Structure formats: C-alpha cells, structure tokens
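Just below is one structure, and these are the notes that go with it.
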4 protein chains.
Amino acid sequence: MVLLEFSMTPLDKGESVGAYVSRSLQIIDESGLDYRLNPMGTVLEGEWDEVMGVVKKCFEQMSADCNRITCSLKIDYRQGARGRLESKIASVESKLGKTLKK
Amino acid sequence: MVLLEFSMTPLDKGESVGAYVSRSLQIIDESGLDYRLNPMGTVLEGEWDEVMGVVKKCFEQMSADCNRITCSLKIDYRQGARGRLESKIASVESKLGKTLKK
Amino acid sequence: MVLLEFSMTPLDKGESVGAYVSRSLQIIDESGLDYRLNPMGTVLEGEWDEVMGVVKKCFEQMSADCNRITCSLKIDYRQGARGRLESKIASVESKLGKTLKK
Amino acid sequence: MVLLEFSMTPLDKGESVGAYVSRSLQIIDESGLDYRLNPMGTVLEGEWDEVMGVVKKCFEQMSADCNRITCSLKIDYRQGARGRLESKIASVESKLGKTLKK
C-alpha cells in the first residue's frame with residue numbers, strides 16, 4: 001500500500017479553479033479508496049494501480065476541456081503498512097504528547 | 001498571504017523518521033502561524049517571510065544531526081486572500097453539496 | 001503528450017542512494033521514451049500511460065529490496081504539444097535573447 | 001550547500017506562461033549562483049539563504065502583476081557536498097557505464 005498526495009490544476013481557466021477541483025473530488029469520493037482532503041491536495045491510500053487509476057481518471061476528465069494542466073504527486077511507500085492516513089498523524093502527536101491542528 | 005505545504009525528511013536515519021518529523025511539528029506548533037497537519041505534510045498560512053522562516057528553522061534543526069535531507073514545498077499564492085486553510089475545502093464541499101473526508 | 005518529471009529515493013538505505021537511482025535510469029534509458037536527466041530528477045515525454053508505466057517499473061524494482069520509498073512527480077500537459085523537452089527551454093532563451101545554463 | 005529545484009507559474013494568465021517564466025530566468029541568471037535549467041524547472045546550488053533569496057525575488061516580481069501563483073520546490077541537502085549540479089549526474093553515468101540524455 002502507498003500513500004499518494006496529489007493536486008491537479010488547469011492553467012487556462014483563470015484564477016478560480018474550484019469548479020475543476022470539485023470534479024476531481026467527486027471522482028475521488030466515489031472511488032471507494034480511503035482519502036483525506038487538505039487545503040493543498042488530497043491524500044489517497046491504496047495499492048499503486050488503485051491510486052494511480054484515480055489520478056488518471058481525474059486527468060482524463062480535466063483534459064477533456066482544459067488545454068493545459070499542472071499536476072504534482074508525492075508518494076510514500078512503506079512495506080507492510082496500512083491505515084497510515086490516521087496512524088502517521090497519531091504517531092507524531094503521541095511523540096509530542098499533544099494534539100496538533102489537522 | 002500564501003499557503004505553503006511542506007515535508008522534510010532525513011535520508012540517513014533509516015525508515016522510521018517520526019522522531020525527526022515530530023521535532024519539526026514542535027517548531028510549527030510554536031510558530032504562532034496557523035497550520036494543518038495531514039498525512040503527507042503540513043500546510044501553513046502566512047506571509048512569504050513568515051512561512052519560509054518556519055521552514056528554515058525546521059531545516060536548521062534537522063541539519064544539526066542529519067547528513068542528508070530531502071524537502072518538498074508547494075506554495076499557493078492568491079492576492080488578497082486569507083483564511084484559506086478552511087475556505088478552500090469549504091468551497092469544494094459547497095460546490096459538490098456534500099461533506100468530504102478531511 | 002505530457003512532460004513528467006520524477007525522482008524516487010529509498011529512505012532505508014543511508015545517505016548514498018546512487019546505486020538505486022542508477023537502476024531507475026537504466027529502466028528509463030531502455031524505455032524508448034525521450035527523456036532528460038537533471039541533478040534533481042528525470043523528465044520524460046510521452047502519453048500518460050507510457051510515462052506512468054516507466055515510473056511504475058522503477059517503483060516495482062525499487063520496492064523489491066527497499067522498505068520505504070519516497071517519490072515525487074510533476075506533470076505538465078499541454079494539448080497538442082510535443083517535442084517540449086527541447087522547445088520549452090528554447091522558448092525561454094529566445095524570449096531573453098541569450099543562452100542559459102542547461 | 002543545498003540543491004534547490006523550483007518552478008513558478010501564474011494561474012491567471014492563460015496557457016502560455018513563457019513570458020513570466022523568462023522573467024524568473026533573468027533573475028536566476030543574474031543571481032551569480034550556479035544553476036541548470038531543465039524542461040520542468042531550474043536547479044540552483046548555494047547556501048539556504050542564497051537559493052531561497054532567488055526564489056523570493058522571482059515571487060516578488062511575479063506577484064507584482066499576477067493574482068494567483070503556484071510554485072513547487074524540492075531541496076536536496078547533503079552535508080559537506082558541493083558541485084553537485086554536475087557530480088550527481090556523473091555518478092549515475094559512471095555506475096551505469098554509459099552516457100545518458102541530459
């Protein structure tokens with residue numbers, strides 16, 4: 001299992017891109033994968049092909065009516081680990097002995 | 001104001017890096033800037049020098065006892081906007097008419 | 001066609017990771033896709049499935065003997081454009097009227 | 001010394017952003033720091049404050065007439081190392097025993 005964070009943005013639609021981002025979130029929310037939305041992207045957990053399949057669907061939809069798209073992804077693979085959408089944050093809070101803003 | 005997401009990781013400390021990440025979160029939490037921790041990084045909101053100052057403090061601390069460090073940052077600037085740690089997510093939820101996982 | 005830049009690094013192999021990076025470059029060089037290596041990553045040009053297929057091969061090889069891997073990717077899609085490994089740089093040099101360091 | 005790769009792009013100027021990217025390259029080229037331009041960004045080598053100072057100058061110029069800007073940075077710090085704009089690539093080529101596309 002991997003954690004994959006990504007954001008995908010059209011460059012040719014002006015400074016307000018929320019309508020396009022929302023369509024991606026619709027795909028993500030319906031994917032069946034566990035995820036967490038944050039102010040700068042969305043983090044998915046799943047097997048490589050599962051998470052990359054969701055990113056590809058978002059790209060296919062966005063490229064249907066956007067001429068230029070920028071997309072950044074970051075992947076964190078750890079052998080044998082799962083449930084890390086929650087456990088990575090819990091581990092940091094436990095080490096610090098305090099609750100952080102999430 | 002900008003939103004800045006970053007993660008900073010030592011390469012020479014083995015696969016468990018939570019102790020080093022926790023020290024950065026201590027700095028972030030005490031910085032006075034508003035922030036949100038997610039499973040892949042932390043998003044800060046502030047002026048350019050403020051958020052970059054926090055990243056630099058984290059780097060100075062980590063480089064004191066780590067020989068190799070990788071760090072990724074992503075910045076989203078929007079003129080005149082603030083409070084976007086909450087408003088970007090709220091905008092997507094409003095457009096979709098549903099609550100998303102955060 | 002898209003441009004995709006990526007770098008992939010094991011976290012559990014110490015600070016010298018060149019042996020692992022070299023194995024990825026072997027895969028990239030034999031992929032048949034056009035690419036450019038730079039000091040922080042490799043940029044590939046191809047269709048979505050082509051470039052993502054190369055990244056996946058690199059991941060499969062690295063995860064065979066690395067327990068934790070970090071990977072960052074950035075994609076630039078522009079409808080109808082190809083040959084951009086050269087043309088994007090040439091365009092900047094032309095606008096500035098000078099040769100830049102590459 | 002660190003290696004820092006970055007790219008900075010306006011979101012509100014349409015799909016052709018070369019004019020804005022060129023202004024950043026002018027700043028980089030005149031900075032006195034060593035750098036390499038690639039199709040997806042520019043890699044600088046220098047001390048933390050030096051390379052971050054260049055990124056800030058580019059941001060100040062771009063934000064003077066762009067309302068929304070996206071910027072991604074990646075940093076690779078290795079204690080005591082310098083000259084890595086050339087040596088990292090040379091090391092990979094040496095390990096593979098062949099010349100790669102750059």
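Order determines the names: the first chain of the structure tokens is A, the second B, and so forth; residues in each chain are numbered 1 upward, and ligands are numbered 1 upward as they are shown.
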
Select all residues from chain B having any atom no more than 7 Å from an atom of chain C (counting only C-alpha atoms, ignoring ligands), output as an mmCIF file with N, CA and C atoms, in the first residue's frame.
```cif
data_model
loop_
_atom_site.group_PDB
_atom_site.id
_atom_site.type_symbol
_atom_site.label_atom_id
_atom_site.label_comp_id
_atom_site.auth_asym_id
_atom_site.auth_seq_id
_atom_site.Cartn_x
_atom_site.Cartn_y
_atom_site.Cartn_z
ATOM 1 N N LEU B 11 17.385 11.332 5.036
ATOM 2 C CA LEU B 11 17.610 10.105 4.254
ATOM 3 C C LEU B 11 18.567 9.139 4.952
ATOM 4 N N ASP B 12 19.224 9.599 5.998
ATOM 5 C CA ASP B 12 20.306 8.789 6.589
ATOM 6 C C ASP B 12 19.954 8.257 7.984
ATOM 7 N N LYS B 13 18.653 8.182 8.277
ATOM 8 C CA LYS B 13 18.254 7.752 9.620
ATOM 9 C C LYS B 13 17.376 6.497 9.606
ATOM 10 N N GLY B 14 17.325 5.812 8.471
ATOM 11 C CA GLY B 14 16.507 4.603 8.400
ATOM 12 C C GLY B 14 15.057 4.921 8.079
ATOM 13 N N GLU B 15 14.230 3.848 8.028
ATOM 14 C CA GLU B 15 12.878 4.025 7.513
ATOM 15 C C GLU B 15 11.918 4.663 8.511
ATOM 16 N N ARG B 68 21.863 14.002 5.374
ATOM 17 C CA ARG B 68 21.185 14.213 4.091
ATOM 18 C C ARG B 68 19.691 14.360 4.335
#
```

Practice prompt. Would you list the contacts of stretch 25-32 of chain C as a PyMOL selection string, taking every protein, DNA or RNA residue within 12 Å and counting only C-alpha atoms, but skipping same-chain residues closer than 6 positions in sequence?
Written response: (chain C and resi 5-8+18-19+38+41-46+50-62) or (chain D and resi 89+91-102)

Worksheet item: Which one is closest to C:Leu85: C:Met40, C:Val21, C:Cys71, C:Leu33? Count only C-alpha atoms.
Response: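 Using only C-alpha atoms, the shortest distance to C:Leu85 belongs to C:Leu33.
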
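As for atom CA of D:Gly80 and atom CA of B:Asp65, they are spaced 13.0 Å apart.
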
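The list of residues with at least one atom within 12 Å of C:Arg82, based on only C-alpha atoms and without residues fewer than 5 positions apart in the same chain, reads Met1, Val2, Leu3, Asp34, Leu44, Glu45, Gly46, Glu47, Asp76, Tyr77, Ser87 and Lys88 of chain C.
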
Go ahead and write the residues just picked, all heavy atoms, as an mmCIF file, in the first residue's frame.
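Saved result, selection_20.cif, follows:
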```cif
data_model
loop_
_atom_site.group_PDB
_atom_site.id
_atom_site.type_symbol
_atom_site.label_atom_id
_atom_site.label_comp_id
_atom_site.auth_asym_id
_atom_site.auth_seq_id
_atom_site.Cartn_x
_atom_site.Cartn_y
_atom_site.Cartn_z
ATOM 1 N N MET C 1 0.221 14.251 -25.218
ATOM 2 C CA MET C 1 1.541 14.013 -24.647
ATOM 3 C C MET C 1 1.717 14.869 -23.390
ATOM 4 O O MET C 1 1.215 15.984 -23.307
ATOM 5 C CB MET C 1 2.638 14.415 -25.645
ATOM 6 C CG MET C 1 2.525 13.724 -26.982
ATOM 7 S SD MET C 1 3.548 12.231 -27.111
ATOM 8 C CE MET C 1 5.168 12.911 -27.440
ATOM 9 N N VAL C 2 2.423 14.315 -22.443
ATOM 10 C CA VAL C 2 2.732 15.060 -21.221
ATOM 11 C C VAL C 2 4.238 15.061 -20.998
ATOM 12 O O VAL C 2 4.957 14.189 -21.493
ATOM 13 C CB VAL C 2 2.047 14.435 -19.971
ATOM 14 C CG1 VAL C 2 0.533 14.440 -20.115
ATOM 15 C CG2 VAL C 2 2.557 13.037 -19.694
ATOM 16 N N LEU C 3 4.687 16.064 -20.272
ATOM 17 C CA LEU C 3 6.014 16.007 -19.670
ATOM 18 C C LEU C 3 5.815 15.539 -18.234
ATOM 19 O O LEU C 3 4.946 16.046 -17.525
ATOM 20 C CB LEU C 3 6.686 17.381 -19.672
ATOM 21 C CG LEU C 3 7.117 17.960 -21.015
ATOM 22 C CD1 LEU C 3 7.833 19.294 -20.778
ATOM 23 C CD2 LEU C 3 8.043 17.013 -21.770
ATOM 24 N N ASP C 34 11.616 9.453 -24.904
ATOM 25 C CA ASP C 34 12.621 10.504 -24.829
ATOM 26 C C ASP C 34 12.630 11.059 -23.407
ATOM 27 O O ASP C 34 11.594 11.141 -22.746
ATOM 28 C CB ASP C 34 12.310 11.614 -25.840
ATOM 29 C CG ASP C 34 13.565 12.422 -26.195
ATOM 30 O OD1 ASP C 34 14.670 12.050 -25.742
ATOM 31 O OD2 ASP C 34 13.429 13.425 -26.917
ATOM 32 N N LEU C 44 10.479 12.927 -18.538
ATOM 33 C CA LEU C 44 10.083 12.053 -19.645
ATOM 34 C C LEU C 44 9.017 12.752 -20.477
ATOM 35 O O LEU C 44 8.203 13.507 -19.934
ATOM 36 C CB LEU C 44 9.458 10.761 -19.101
ATOM 37 C CG LEU C 44 10.260 9.905 -18.128
ATOM 38 C CD1 LEU C 44 9.369 8.803 -17.552
ATOM 39 C CD2 LEU C 44 11.446 9.279 -18.842
ATOM 40 N N GLU C 45 8.981 12.438 -21.767
ATOM 41 C CA GLU C 45 7.867 12.894 -22.602
ATOM 42 C C GLU C 45 7.169 11.684 -23.217
ATOM 43 O O GLU C 45 7.838 10.787 -23.750
ATOM 44 C CB GLU C 45 8.335 13.839 -23.712
ATOM 45 C CG GLU C 45 7.140 14.415 -24.495
ATOM 46 C CD GLU C 45 7.533 15.469 -25.526
ATOM 47 O OE1 GLU C 45 8.537 15.268 -26.216
ATOM 48 O OE2 GLU C 45 6.827 16.498 -25.622
ATOM 49 N N GLY C 46 5.840 11.678 -23.161
ATOM 50 C CA GLY C 46 5.092 10.581 -23.768
ATOM 51 C C GLY C 46 3.621 10.696 -23.421
ATOM 52 O O GLY C 46 3.181 11.674 -22.818
ATOM 53 N N GLU C 47 2.864 9.701 -23.842
ATOM 54 C CA GLU C 47 1.461 9.655 -23.430
ATOM 55 C C GLU C 47 1.395 9.287 -21.940
ATOM 56 O O GLU C 47 2.328 8.714 -21.381
ATOM 57 C CB GLU C 47 0.692 8.630 -24.274
ATOM 58 C CG GLU C 47 0.708 8.906 -25.764
ATOM 59 C CD GLU C 47 0.011 10.213 -26.126
ATOM 60 O OE1 GLU C 47 -0.826 10.692 -25.332
ATOM 61 O OE2 GLU C 47 0.331 10.770 -27.194
ATOM 62 N N ASP C 76 3.187 18.151 -16.656
ATOM 63 C CA ASP C 76 2.776 19.336 -17.410
ATOM 64 C C ASP C 76 2.142 18.842 -18.707
ATOM 65 O O ASP C 76 2.833 18.336 -19.599
ATOM 66 C CB ASP C 76 3.998 20.222 -17.689
ATOM 67 C CG ASP C 76 3.672 21.418 -18.573
ATOM 68 O OD1 ASP C 76 2.487 21.700 -18.805
ATOM 69 O OD2 ASP C 76 4.629 22.063 -19.040
ATOM 70 N N TYR C 77 0.827 18.992 -18.790
ATOM 71 C CA TYR C 77 0.096 18.590 -20.001
ATOM 72 C C TYR C 77 -0.252 19.827 -20.804
ATOM 73 O O TYR C 77 -0.749 20.816 -20.247
ATOM 74 C CB TYR C 77 -1.196 17.870 -19.604
ATOM 75 C CG TYR C 77 -2.209 17.766 -20.720
ATOM 76 C CD1 TYR C 77 -2.054 16.854 -21.764
ATOM 77 C CD2 TYR C 77 -3.333 18.588 -20.744
ATOM 78 C CE1 TYR C 77 -2.981 16.768 -22.791
ATOM 79 C CE2 TYR C 77 -4.269 18.508 -21.770
ATOM 80 C CZ TYR C 77 -4.093 17.594 -22.788
ATOM 81 O OH TYR C 77 -5.009 17.510 -23.806
ATOM 82 N N SER C 87 11.736 22.344 -26.674
ATOM 83 C CA SER C 87 11.130 23.612 -27.090
ATOM 84 C C SER C 87 10.845 24.549 -25.923
ATOM 85 O O SER C 87 10.879 25.774 -26.101
ATOM 86 C CB SER C 87 9.841 23.346 -27.876
ATOM 87 O OG SER C 87 8.838 22.776 -27.047
ATOM 88 N N LYS C 88 10.574 23.998 -24.726
ATOM 89 C CA LYS C 88 10.293 24.895 -23.607
ATOM 90 C C LYS C 88 11.532 25.718 -23.255
ATOM 91 O O LYS C 88 11.446 26.913 -22.986
ATOM 92 C CB LYS C 88 9.820 24.098 -22.375
ATOM 93 C CG LYS C 88 8.369 23.586 -22.496
ATOM 94 C CD LYS C 88 7.942 22.773 -21.270
ATOM 95 C CE LYS C 88 7.705 23.643 -20.043
ATOM 96 N NZ LYS C 88 7.211 22.843 -18.883
#
```

Practice prompt. Pick out each residue of chain C that DSSP on the backbone tags as strand (DSSP E or B); I need them as a count of residues only.
Written response: 31

Worksheet item: Looking at only C-alpha atoms, which of D:Ser22, D:Glu86, D:Pro39, D:Trp48 is the one that sits closest to C:Lys74?
Response: D:Pro39

Fill in: Closest of B:Ile75, B:Ala64, B:Leu4, B:Ala81 to B:Leu37 - atom-to-atom distances counting only C-alpha atoms
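For B:Leu37, the nearest of the given residues is B:Leu4.
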